Every structure is written in structure tokens, then in C-alpha cells.
Amino acid sequence: MLTIGLTHYLIVAVVLFCAGLYTMMTKRNAIGILIGVELVLNSATVNLVAFDRYLGGQKLDGQITALFVIVLAAAEAAIAVGICINVYSNLGTVDVDRASRLQG
Amino acid sequence: MNSLLGQTNLWEAFDVGRDLFLFSPMIAMVCTMLLIVACPIVIGRGTRTISVAASFGIAVTFFLAWRVMGTVGDAAVSGFSAEPFLGLLVADKLSVGFQLLLMVFLAGVSLLWLMGSARTERNAPEFFILLIGSALGMSLMVSSANLLTMVIAIEMASIPSYAIVGFDKRDRVGAEASLKYMIFGAVCAAIMLYGTSLVYGLVGSLSMTEIAAFTVAQMSGGANVTLLGVALSCVFVGIAFKISAVPFHFWCPDAFQGAKIEVTTWLSVASKAAGLVMLARFMSMMCAAVPSELNMNLLTPLAWVIGVLAAVTATVGNFAAYKQQSVKRMLAYSSIAHAGYMMMATAVFIHPSASGAGAGMSAMLMYIVIYMFMNLCAFGVTAMVSWEAGTDDIEGFNGLIRRSPLLAVPMVIALMSLIGMPPMAGFIGKWWILVALGQTGTLLGWSLVVVASVNTLISLYYYMRIVVQMGIRDSGRRPAFSSPLSGLALVNVCAVVLLVLFFAAGPFKERVAGFSTSLYSVTVTSPVSHESLAVADQEAGQ
């Protein structure tokens, strides 16, 4: 019978990371890029919790760090969406390629 | 050893009173933010009320940092060995000194803001909360000795910065600038966090001391450190974003040009300086973990990576500044170049002699102090000229020497200092970096000396363009203008400081060197508690 071990969690995290990285690189919509960022942050959370569970022993550093990551992600999302709304009301779009007044 | 909850009795592990005292400047900053939140409810949200509250908070923070400075003077309390906050944060002369400097700079930026944008701005409370919030993040950045606090500090500094760049909601350029800054920052932070999680998995701890000890132990044992290298590179992405090192500099010119000029002044110095001090701390931790001076060669690849990045950063910054018409954007690129020079100094740390590390460290700190004054001066003049001209284009400087000599003279001093010409402080800053690089006597050191010198020559051209514009070009129709008295005082005081620091270079260097000692004289004692992946996997499976 298959036992779920550390490797399985790490594979999930790597898949999430790659998906996030791909999203960040290919999406031109600011919200799309932010979704990619969230995927990468979640892969970090999965990593931290899995490492903590399998390697941490008595330590809880990984779990606590994971909690902090969640809080950071929430704070960042709040500001990011605020900025996106501001950009939308000014430029009428949240396409990062259309934001091109500053160049050179 | 550094486990957050692993202690049998948490309260025995650290002295709460002492730790809170060491932390008091940052608590004061938080209280200032709360005070500014309360002000609109109790008194009113007028700019005057809020700026009084903010100045009070800045003064209290400065005072508390001054008191803390007195305590950390003796080595027993300062440094990494005493490990306040269970090794999450440190309070040493470097971090407290940086807080003092940051408060001075914050006061300067606030003054600039009150003269400029505050006239049309009705959201003073929000502005000051964001400004002080990012200052808090930067203070945390220089005090963090753990990857977790590093990440939190970087985010704490970045998130208010994104908002403050796009502070004026009607400003289309500002909105675009904040969007670019935010997207870039969020991506870099995410990659940094992923790297942090990998480091945790490999090392079993997020403490910088243990990471350094683990890395060096692995390297001297001949183990394969590729994965650890990848993880640490991911972490480095976050720091490089703050320093705006190439190739993580793309946000910098756009964010700096789109932001209000007061905000540009703030970010161009404070956020980069905090990132550099953080990098310096990281590098010196790595060096401290190397058991003997002869084994320092283990870390040579790290020195090369930092050195090459620094050289590329300086060069890219200078070449891009060449063709800029907007003075704000030109100064943004120049700030990238200066970050490159300062990074060169951190590459010196890894050198088989304590004097090399000490020279590099004090050169970098001196450069930060000098850079703060010269940028405040240059941006202050640019701000007042652009308010008068209505644009930050270089044309606004036409004939400034006749129109407003009290602005033109400090600007010339600041620009000469940015180039690195005597008798301005910028010269000694650059000189000590070059000396520190040369002292290493390595190929890397000498190549960086050459790169820095060539870059100085390149930078001569674009800084001189402004000087020429101010002096030779006829002002024609443009009338003389008067600037606010406090603004003239601000830039002229900065210019005088730049001259004084040149002539008092010796005592200045001695003082700064005292601030850096806690960094390069670190000794690492904590053992590495790492279990190999395979063994732990088996145990978990049982």
C-alpha cells in the first residue's frame, strides 16, 4: 500500500510552484499575475508544513512560518487589489502591457 | 536551539524587559502610526495636526533609539551571541545606528512633503502612516537575523511602499508606477518565500547563524550544495529586489519616476540602504561561520556572484541614466548605479583577513550615510525646481544659477558628490570602497576597482549635463523664483554636511567603523541540528 510521505507533499509543492511561475510569466492581466503569486506562496506553505511534519521533530518553526506566509499573502492581496482598482479607474484596464507611459 | 516554541519554558528563555527596551524604537513607530490613526477621530485630519503628531513620533523614536544605542555599546548585550528575541531579531550598533539615520532622513522627507505635495493633499494621515510603516519595515530589515523575520520585514517595508507610490489617486502615471512596483515586488517576495521554505527543509532552521554554519559544514565536507545554492539564490532574489540589483531593477526607474518626488527621495535611499545592510549582515554571517581564515576560499564563489552583480548593476545604472530627459528618472538610474558601488563593498567581506571585511563594511556604511545626504540634497533641489517649472524635465534647470543661487549651489555640491569629486563627501565614500577593494589584492577586488573607476567617468557626463544646464544655458524668459525658506535650509544644510564630512573624514570613518564591528567580529557557536532527509523520512513512516 502506498504511504504518503514527504516526497508526495514536495511534488505537490513543486507542481504548484511551476504552475504559479508559469502563470506569472505568461499572464498579462495584473489579477492573473497575482493569482500566480498566490500559487507560489501556497507552494511555500505546503513545503513548510510538510518539512515541519517530517523533519522538524519537536520544533514548530515551519508551522508558524506557514501561518506568517498566509498573513503576508492576505496583506499583499489587499494592497494589490486596491492598486488594481486604482489602475483600472485611471487607465480603464489592468493589462500590464497597456501600462506603458513610463518607459526608457 | 532557536526553535520558536521548543523551549521548555518560554519565559525563561529571554529577558522580556530588556528585549522590549531594545525593541522600543520600533514600538514607538507603531504607536506613532496608531496616534495618527486616532488623530482624525479626536482632533481632526488637518495636515498641520497630523504633521505635529508625526514629528512627535519621529522625535520619540529617535530619542528611544538614542537610549538603546547607549545600552548596546558594550559587547555583552549587542551582537548575535546574546540572542535577544530568541535570535529572531538583533539589536546591535548597526541596527540601532541605522534607525537613528532613518529617523533623520524621515524628518527630512516629511519636511519636503510638507512644502510640496501637502499643499494640495488632503490625506495627510494616510500618507504618514504609510511612510512610517515602511520605515518600521526597514528598521526590521536591518535587525533581522532569521529568514522568517527577513521575509516579514521586506514585506513590511514593501507593502506600504507600493501604496505610497500610487498615493495620488487622480495621477495616472502614479497608478501605473505603483502597479509595476507591486507586481514586481509580489513576484520577488513569492520566490523569496519559496526559497525560504526550501532552506527550512534543507537546514532544519531559519536562523541565519544555523544556515551559515550548515552551508559551511556541507561545503568543507565536500557535499553537494547545489540545492542549497538554488534555495539561497531564491532568497537572494528578495534582497536583490530591495537593492534593485540587476536584473531585479526594472521596477526602480518606473516607480521612482511615477511617484511623487518626496516618495522617490524616501525610497531611493531608505529602501536600498536597508536592503544593503541586510545583505551585509547575511554575508558577514556566512563569513563568521567559516572555521578558519584560511578556509575563507570556500566562499569565493559567493563573493564572485555578488561582485559581478554589483559591477553589472553599476554599469547598467550609469548607461541607462545617460539619455534621460527627466531628472527624476536620471536620479533613479543613478541610485541603481550607487547601489552597485555599495554592493561592491559587500563583496569584499569574504576575504581571508578580518581587516578586509572591516574595511568593506565601514566603507559601505560610510557610503550609505553620505549617499543619504547627497540624495536628499539633489532630490530636494529637483523637487523645488520641478514644482516651479511644473515638470521634472532637465529644461527646468535652465539658468538656475542666476534664478535661484541658493538652490543651484547645493545642487552643484550634491552632483559633484554623486560623481565622487573632491572636496565633497562622495569622494571619500567612493575612495574607501576602492581602497577596501584594492586591499583584498584578489583578481575580483582589482577588477571591481577598474569597473568602479570607469563607471565614475561615465557618470561624469550625465551629472555634468545638469550642472551645464544650470550655469551656461541662458535662462531667457524664465524669471527668478524664491523657494520656501525651510526648503532652502534643508538643501543647504545637506550641502554643508557633505563638505564637512569630507574635511572630517578621519573621525567620521572611525565612528562608522565602530558601528560595523558587531558585524564582522561575529563568532558562531550554535551547533547545527540537521537530520538527513532519508533518515527522517523513515522515522516519520514508522
# chains A, B, ... in the order shown; residues from 1 in each chain; ligands from 1
>>> residues_around(residues="stretch 76-91 of chain A", least_positions_apart="3", cutoff="8 Å", atoms="only C-alpha atoms", output="number ranges by chain")
A: 30-31, 34, 72-73, 94, 99; B: 159, 162-163, 166, 169-172, 175-176, 178-179, 182-183, 186
>>> write_last_selection(atoms="N, CA, C and O atoms", output="CSV table (one decimal), in the first residue's frame")
chain,number,residue,atom,x,y,z
A,30,ALA,N,-3.1,41.9,-14.6
A,30,ALA,CA,-2.5,42.1,-13.3
A,30,ALA,C,-3.1,41.1,-12.3
A,30,ALA,O,-2.3,40.5,-11.5
A,31,ILE,N,-4.4,40.9,-12.4
A,31,ILE,CA,-5.0,39.9,-11.5
A,31,ILE,C,-4.5,38.5,-11.7
A,31,ILE,O,-4.3,37.7,-10.8
A,34,LEU,N,-1.3,38.1,-10.1
A,34,LEU,CA,-1.4,37.9,-8.7
A,34,LEU,C,-1.9,36.5,-8.3
A,34,LEU,O,-1.5,36.0,-7.2
A,72,LEU,N,0.9,37.2,5.4
A,72,LEU,CA,1.6,38.1,4.4
A,72,LEU,C,0.8,38.1,3.1
A,72,LEU,O,0.6,39.1,2.4
A,73,ALA,N,0.4,36.9,2.7
A,73,ALA,CA,-0.3,36.8,1.4
A,73,ALA,C,-1.6,37.6,1.4
A,73,ALA,O,-2.0,38.3,0.5
A,94,VAL,N,-6.5,46.6,-16.6
A,94,VAL,CA,-5.4,46.1,-15.7
A,94,VAL,C,-4.4,45.3,-16.4
A,94,VAL,O,-3.7,44.5,-15.8
A,99,ALA,N,0.0,49.4,-19.6
A,99,ALA,CA,0.5,50.5,-18.7
A,99,ALA,C,1.9,50.8,-19.2
A,99,ALA,O,2.9,50.2,-18.8
B,159,ILE,N,5.1,46.7,1.3
B,159,ILE,CA,3.6,46.9,1.1
B,159,ILE,C,3.2,48.3,1.2
B,159,ILE,O,2.5,48.8,0.4
B,162,TYR,N,4.4,50.3,-2.0
B,162,TYR,CA,3.5,50.1,-3.2
B,162,TYR,C,2.4,51.2,-3.1
B,162,TYR,O,2.1,51.9,-4.1
B,163,ALA,N,1.8,51.3,-2.0
B,163,ALA,CA,0.6,52.1,-1.8
B,163,ALA,C,1.1,53.6,-1.9
B,163,ALA,O,0.4,54.4,-2.5
B,166,GLY,N,1.6,55.1,-5.5
B,166,GLY,CA,0.4,55.5,-6.2
B,166,GLY,C,-0.5,56.2,-5.3
B,166,GLY,O,-1.7,56.0,-5.3
B,169,LYS,N,-4.6,59.5,-6.1
B,169,LYS,CA,-5.5,58.6,-6.9
B,169,LYS,C,-5.8,59.1,-8.2
B,169,LYS,O,-6.3,58.4,-9.1
B,170,ARG,N,-5.7,60.5,-8.5
B,170,ARG,CA,-6.0,61.0,-9.8
B,170,ARG,C,-4.8,61.0,-10.7
B,170,ARG,O,-4.9,61.3,-11.9
B,171,ASP,N,-3.7,60.5,-10.2
B,171,ASP,CA,-2.5,60.6,-11.0
B,171,ASP,C,-2.3,59.3,-11.8
B,171,ASP,O,-2.1,58.2,-11.2
B,172,ARG,N,-2.5,59.4,-13.1
B,172,ARG,CA,-2.4,58.2,-14.0
B,172,ARG,C,-1.0,57.5,-13.9
B,172,ARG,O,-0.9,56.3,-13.9
B,175,ALA,N,-0.4,55.8,-10.7
B,175,ALA,CA,-1.1,54.5,-10.6
B,175,ALA,C,-0.3,53.4,-11.4
B,175,ALA,O,-0.2,52.3,-10.9
B,176,GLU,N,0.2,53.8,-12.6
B,176,GLU,CA,0.9,52.8,-13.4
B,176,GLU,C,2.2,52.4,-12.6
B,176,GLU,O,2.6,51.3,-12.6
B,178,SER,N,2.8,52.4,-9.4
B,178,SER,CA,2.5,51.5,-8.3
B,178,SER,C,2.2,50.1,-8.7
B,178,SER,O,2.5,49.2,-8.1
B,179,LEU,N,1.5,50.0,-9.9
B,179,LEU,CA,1.1,48.7,-10.4
B,179,LEU,C,2.4,47.9,-10.7
B,179,LEU,O,2.6,46.8,-10.3
B,182,MET,N,4.3,47.0,-7.6
B,182,MET,CA,3.6,46.0,-6.8
B,182,MET,C,3.8,44.6,-7.4
B,182,MET,O,4.1,43.6,-6.8
B,183,ILE,N,3.6,44.5,-8.8
B,183,ILE,CA,3.6,43.2,-9.4
B,183,ILE,C,5.1,42.7,-9.3
B,183,ILE,O,5.2,41.5,-8.9
B,186,ALA,N,5.7,41.6,-5.6
B,186,ALA,CA,4.9,40.5,-5.2
B,186,ALA,C,5.6,39.2,-5.8
B,186,ALA,O,5.7,38.2,-5.1
>>> residues_around(residues="A:Cys18", least_positions_apart="5", cutoff="12 Å", atoms="only C-alpha atoms", output="PyMOL selection string")
(chain A and resi 11-13+23-25+36-37+39-44) or (chain B and resi 191+194)
>>> write_last_selection(atoms="N, CA, C and O atoms", output="short mmCIF file (atom, residue, chain, number, x, y, z; two decimals), in the first residue's frame")
data_model
loop_
_atom_site.label_atom_id
_atom_site.label_comp_id
_atom_site.auth_asym_id
_atom_site.auth_seq_id
_atom_site.Cartn_x
_atom_site.Cartn_y
_atom_site.Cartn_z
N ILE A 11 6.24 17.04 -4.11
CA ILE A 11 5.84 17.05 -5.53
C ILE A 11 4.65 17.99 -5.73
O ILE A 11 4.63 18.79 -6.68
N VAL A 12 3.69 17.93 -4.82
CA VAL A 12 2.55 18.85 -4.91
C VAL A 12 3.04 20.30 -4.89
O VAL A 12 2.63 21.14 -5.71
N ALA A 13 4.00 20.56 -3.98
CA ALA A 13 4.50 21.93 -3.86
C ALA A 13 5.21 22.36 -5.14
O ALA A 13 5.04 23.49 -5.61
N THR A 23 2.16 30.95 -14.64
CA THR A 23 1.10 31.96 -14.66
C THR A 23 1.69 33.37 -14.59
O THR A 23 1.29 34.25 -15.34
N MET A 24 2.67 33.54 -13.70
CA MET A 24 3.26 34.87 -13.54
C MET A 24 3.94 35.33 -14.82
O MET A 24 3.94 36.50 -15.15
N MET A 25 4.54 34.36 -15.54
CA MET A 25 5.30 34.76 -16.72
C MET A 25 4.42 34.96 -17.95
O MET A 25 4.76 35.75 -18.83
N GLY A 36 -0.97 33.90 -9.88
CA GLY A 36 0.28 33.14 -9.94
C GLY A 36 1.09 33.29 -8.67
O GLY A 36 1.64 32.32 -8.14
N VAL A 37 1.16 34.53 -8.17
CA VAL A 37 1.89 34.80 -6.93
C VAL A 37 1.30 33.99 -5.79
O VAL A 37 2.02 33.37 -4.99
N LEU A 39 -0.28 31.21 -5.96
CA LEU A 39 0.07 29.79 -6.12
C LEU A 39 1.47 29.52 -5.57
O LEU A 39 1.68 28.53 -4.85
N VAL A 40 2.40 30.41 -5.90
CA VAL A 40 3.77 30.21 -5.40
C VAL A 40 3.81 30.29 -3.88
O VAL A 40 4.46 29.48 -3.21
N LEU A 41 3.07 31.25 -3.32
CA LEU A 41 3.04 31.38 -1.86
C LEU A 41 2.46 30.12 -1.23
O LEU A 41 2.95 29.64 -0.20
N ASN A 42 1.43 29.56 -1.87
CA ASN A 42 0.84 28.35 -1.32
C ASN A 42 1.79 27.17 -1.42
O ASN A 42 1.82 26.32 -0.53
N SER A 43 2.58 27.13 -2.49
CA SER A 43 3.55 26.04 -2.58
C SER A 43 4.57 26.17 -1.46
O SER A 43 4.98 25.16 -0.88
N ALA A 44 4.94 27.42 -1.12
CA ALA A 44 5.86 27.60 0.01
C ALA A 44 5.22 27.12 1.30
O ALA A 44 5.87 26.47 2.13
N ILE B 191 8.92 34.35 -4.70
CA ILE B 191 10.08 33.49 -4.97
C ILE B 191 10.95 33.41 -3.72
O ILE B 191 11.45 32.34 -3.36
N TYR B 194 9.42 30.96 -1.35
CA TYR B 194 9.63 29.57 -1.78
C TYR B 194 11.05 29.14 -1.41
O TYR B 194 11.25 28.04 -0.89
#
>>> residues_around(residues="stretch 46-57 of chain A", least_positions_apart="2", cutoff="7 Å", atoms="only C-alpha atoms", output="ChimeraX atom specification")
/A:6,9-10,13,42-44,59-60,62-63,66 /B:197,201,204,536-537,540
>>> residues_around(residues="stretch 99-108 of chain B", least_positions_apart="2", cutoff="6 Å", atoms="only C-alpha atoms", output="ChimeraX atom specification")
/B:62,96-97,110-111,139
>>> write_last_selection(atoms="C-alpha atoms", output="mmCIF file, in the first residue's frame")
data_model
loop_
_atom_site.group_PDB
_atom_site.id
_atom_site.type_symbol
_atom_site.label_atom_id
_atom_site.label_comp_id
_atom_site.auth_asym_id
_atom_site.auth_seq_id
_atom_site.Cartn_x
_atom_site.Cartn_y
_atom_site.Cartn_z
ATOM 1 C CA PHE B 62 14.887 58.980 17.699
ATOM 2 C CA VAL B 96 20.198 50.975 16.078
ATOM 3 C CA GLY B 97 22.508 53.349 14.229
ATOM 4 C CA SER B 110 8.473 64.795 5.777
ATOM 5 C CA LEU B 111 9.693 68.384 5.636
ATOM 6 C CA SER B 139 14.185 49.055 10.751
#
>>> select_by_dssp(residues="stretch 336-531 of chain B", states="helix (DSSP H, G or I)", output="PyMOL selection string")
chain B and resi 336-347+354-389+394-397+400-403+405-419+425-440+443-471+485-503+505-520
>>> closest_residue(among="B:Leu148, B:Leu34, B:Met29, B:Leu299", to="chain A", atoms="only C-alpha atoms")
B:Leu148
>>> closest_residue(among="B:Thr49, B:Phe319, B:Phe214, B:Leu279", to="chain A", atoms="only C-alpha atoms")
B:Phe319
>>> closest_residue(among="A:Asn29, A:Asp61, A:Ile70, A:Asp95", to="chain B", atoms="only C-alpha atoms")
A:Asp61
